[in-house]
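J.: Can you read through this structure? Questions will come right after.
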Amino acid sequence: MKKVIILLVALFAAVTLSNAQLYVSGGIGIHSEGGKVIDGSSTDQKESFLTLNVSPMVGFYLSDNFLVGLGIDFGRVSWKDKDDVNVKANASCFGIGPFVRARMIQGGNLSFWMEGAFTFAAVSGKDIDGSSTTEMDPITAIGIGILPVLSYELSNSLYVELSCDFLRLYFNAITEKDKDDANYKDKSNEFGFGLNGSISSSVARDVFGLYSSASPLTLRIAFKF
């Protein structure tokens with residue numbers, strides 16, 4: 001019976017997707033932070049951060065007003081100590097999860113969508129002090145988010161999208177494990193509205209205390225085939 005149900009579901013999905021149009025999108029982001037503190041003749045360097053993100057998305061239009069897909073997020077954060085150039089840290093984040101998007105309003109070439117997404121992410125990194133390297137404690141996170149997206153149709157197959165991250169409603173659950181103690185876990189939950197609700201922002205916050213890593217708007221180019 002289970003095999004029959006699975007076969008029927010697979011057959012339904014195949015028939016549905018055979019008539020669906022392909023959606024391909026993605027974004028690249030970079031954030032740099034640093035500076036100096038000057039007090040008369042005295043100058044002190046601030047800690048420096050560099051954040052890189054690549055986030056491809058692939059999906060299918062099940063109808064003109066409904067889209068389902070899968071998003072992938074590759075992120076990397078680098079930190080350098082303000083007093084010692086040999087003291088630094090690097091962390092990499094990989095996230096993946098499904099998303100759904102529904103068109104709520106359309107006026108000419110401009111459309112207003114609501115997007116819901118579930119994301120799982122894993123983080124690893126290293127603390128570096130000269131020639132000494134120490135592995136960071138591993139971090140895993142799951143997140144659920146809802147946010148509005150604006151799209152503008154440039155042609156039948158080319159769109160510009162604007163994700164309004166400052167209007168994100170989110171819940172994130174983050175678990176940090178001790179690499180030397182399998183019985184130790186540090187768990188935290190986040191629920192809120194606004195910026196810093198994405199998984200990558202939460203990870204940057206958890207690892208480096210980086211609260212300014214999120215952008216209020218994310219611009220993407222999307223293709224429809």
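Ordering of the structure tokens sets the chain letters (A, B, ...); residue numbers start at 1 within each chain; ligands are numbered from 1 in the order shown.
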Return as a tab-separated table the residues of region 103-188 of chain A lying at most 10 Å from region 60-76 of chain A, together with the closest atom-to-atom pair for each and the distance in Å to one decimal, counting only C-alpha atoms, with rows in chain order and ascending residue number.
T.:
```
residue	atom	partner	partner_atom	distance
A:Arg103	CA	A:Asn65	CA	4.8
A:Met104	CA	A:Asn65	CA	7.8
A:Ile105	CA	A:Asn65	CA	9.4
A:Gln106	CA	A:Asn65	CA	9.5
A:Ser111	CA	A:Asn65	CA	9.7
A:Trp113	CA	A:Asn65	CA	8.6
A:Met114	CA	A:Phe66	CA	9.9
A:Glu115	CA	A:Leu67	CA	9.2
A:Gly116	CA	A:Val68	CA	9.8
A:Ala117	CA	A:Gly71	CA	8.6
A:Phe118	CA	A:Gly71	CA	9.3
A:Thr119	CA	A:Gly71	CA	8.3
A:Phe120	CA	A:Ile72	CA	9.6
A:Ala121	CA	A:Asp73	CA	8.5
A:Val123	CA	A:Gly75	CA	9.2
A:Ser124	CA	A:Arg76	CA	9.8
A:Gly125	CA	A:Arg76	CA	9.3
```
J.: Could you give me the residues within region 78-222 of chain A that DSSP places in strand (DSSP E), as a ChimeraX atom specification?
T.: /A:78-80,87-107,110-129,132-135,139-153,158-164,169-178,181-193,217-222
J.: Just C-alpha atoms for this one: save the residues we selected as a compact mmCIF listing (two decimals), in the first residue's frame.
T.:
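The new file result_10.txt reads:
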```txt
# COMPACT_ATOMS: atom_id res chain seq x y z
CA SER A 78 36.30 36.36 8.48
CA TRP A 79 37.41 38.24 11.60
CA LYS A 80 40.72 39.88 12.52
CA VAL A 87 44.89 36.50 15.72
CA LYS A 88 41.93 35.83 13.42
CA ALA A 89 39.01 33.50 12.82
CA ASN A 90 37.12 32.11 9.84
CA ALA A 91 33.69 30.47 9.76
CA SER A 92 31.79 28.88 6.89
CA CYS A 93 28.03 28.32 6.76
CA PHE A 94 26.05 26.05 4.45
CA GLY A 95 22.27 26.32 4.45
CA ILE A 96 19.58 24.59 2.42
CA GLY A 97 15.81 24.46 2.52
CA PRO A 98 12.51 24.63 0.61
CA PHE A 99 10.50 27.79 0.00
CA VAL A 100 7.03 28.66 -1.29
CA ARG A 101 5.95 31.97 -2.76
CA ALA A 102 2.44 33.25 -3.53
CA ARG A 103 1.58 36.34 -5.56
CA MET A 104 -0.78 38.57 -3.58
CA ILE A 105 -1.08 41.66 -5.79
CA GLN A 106 -0.15 42.47 -9.38
CA GLY A 107 -0.18 45.86 -11.07
CA LEU A 110 5.08 44.95 -10.69
CA SER A 111 4.06 42.09 -8.36
CA PHE A 112 3.88 41.71 -4.59
CA TRP A 113 4.61 38.20 -3.25
CA MET A 114 4.70 36.59 0.18
CA GLU A 115 7.43 34.01 0.72
CA GLY A 116 7.74 31.33 3.38
CA ALA A 117 10.92 29.32 3.85
CA PHE A 118 12.36 26.59 6.06
CA THR A 119 16.16 26.44 6.31
CA PHE A 120 18.67 24.08 7.87
CA ALA A 121 22.23 25.33 8.30
CA ALA A 122 25.54 23.96 9.56
CA VAL A 123 28.57 25.99 10.59
CA SER A 124 32.23 25.15 11.02
CA GLY A 125 35.24 27.35 11.56
CA LYS A 126 38.74 27.87 12.90
CA ASP A 127 40.41 30.17 15.43
CA ILE A 128 43.91 31.10 14.32
CA ASP A 129 46.67 32.49 16.56
CA SER A 132 48.27 27.62 16.13
CA THR A 133 44.85 26.61 14.73
CA THR A 134 41.86 25.46 16.79
CA GLU A 135 38.61 24.08 15.42
CA ILE A 139 26.83 24.91 15.19
CA THR A 140 23.59 23.76 13.59
CA ALA A 141 20.49 25.89 13.09
CA ILE A 142 16.98 25.62 11.74
CA GLY A 143 14.89 28.61 10.77
CA ILE A 144 11.41 29.47 9.59
CA GLY A 145 10.80 32.84 7.97
CA ILE A 146 8.07 34.78 6.19
CA LEU A 147 8.83 37.94 4.24
CA PRO A 148 7.46 40.06 1.37
CA VAL A 149 9.11 40.06 -2.06
CA LEU A 150 8.63 42.60 -4.86
CA SER A 151 9.29 41.57 -8.47
CA TYR A 152 9.38 43.63 -11.65
CA GLU A 153 9.03 41.93 -15.05
CA LEU A 158 13.63 38.12 -16.95
CA TYR A 159 12.71 39.65 -13.59
CA VAL A 160 14.25 41.85 -10.92
CA GLU A 161 13.37 40.82 -7.36
CA LEU A 162 13.64 42.75 -4.11
CA SER A 163 13.36 40.79 -0.85
CA CYS A 164 12.23 43.03 2.03
CA LEU A 169 8.90 37.41 10.58
CA TYR A 170 11.18 34.64 11.84
CA PHE A 171 11.90 31.85 14.29
CA ASN A 172 15.40 30.35 14.59
CA ALA A 173 16.67 27.52 16.78
CA ILE A 174 20.46 27.32 17.17
CA THR A 175 22.46 24.50 18.75
CA GLU A 176 26.17 24.72 19.57
CA LYS A 177 27.98 21.53 20.52
CA ASP A 178 31.23 21.16 22.40
CA ASP A 181 32.33 16.93 25.15
CA ALA A 182 29.58 15.00 23.36
CA ASN A 183 27.17 15.54 26.28
CA TYR A 184 27.33 19.35 26.15
CA LYS A 185 24.90 21.39 24.03
CA ASP A 186 24.12 25.11 24.11
CA LYS A 187 20.65 25.75 22.67
CA SER A 188 19.04 29.11 21.94
CA ASN A 189 15.80 30.22 20.28
CA GLU A 190 15.01 33.47 18.48
CA PHE A 191 11.65 34.86 17.49
CA GLY A 192 11.14 38.31 16.07
CA PHE A 193 10.25 40.71 13.31
CA LEU A 217 16.85 44.76 1.11
CA THR A 218 18.21 41.97 -1.10
CA LEU A 219 18.27 42.51 -4.87
CA ARG A 220 18.20 39.48 -7.19
CA ILE A 221 17.94 38.71 -10.88
CA ALA A 222 15.47 35.92 -11.72
```
J.: Of the candidates A:Ser32, A:Ser25, A:Ser42, A:Ser48, which one gets nearest to Asp83 (chain A) if we count only C-alpha atoms?
T.: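 Looking only at the distances to Asp83 (chain A), the closest residue turns out to be A:Ser48.
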J.: As an NGL selection string, list the residues of region 29-213 of chain A assigned to helix (DSSP H, G or I) by DSSP on the backbone atoms of this structure.
T.: :A and (165-167 or 199-208)
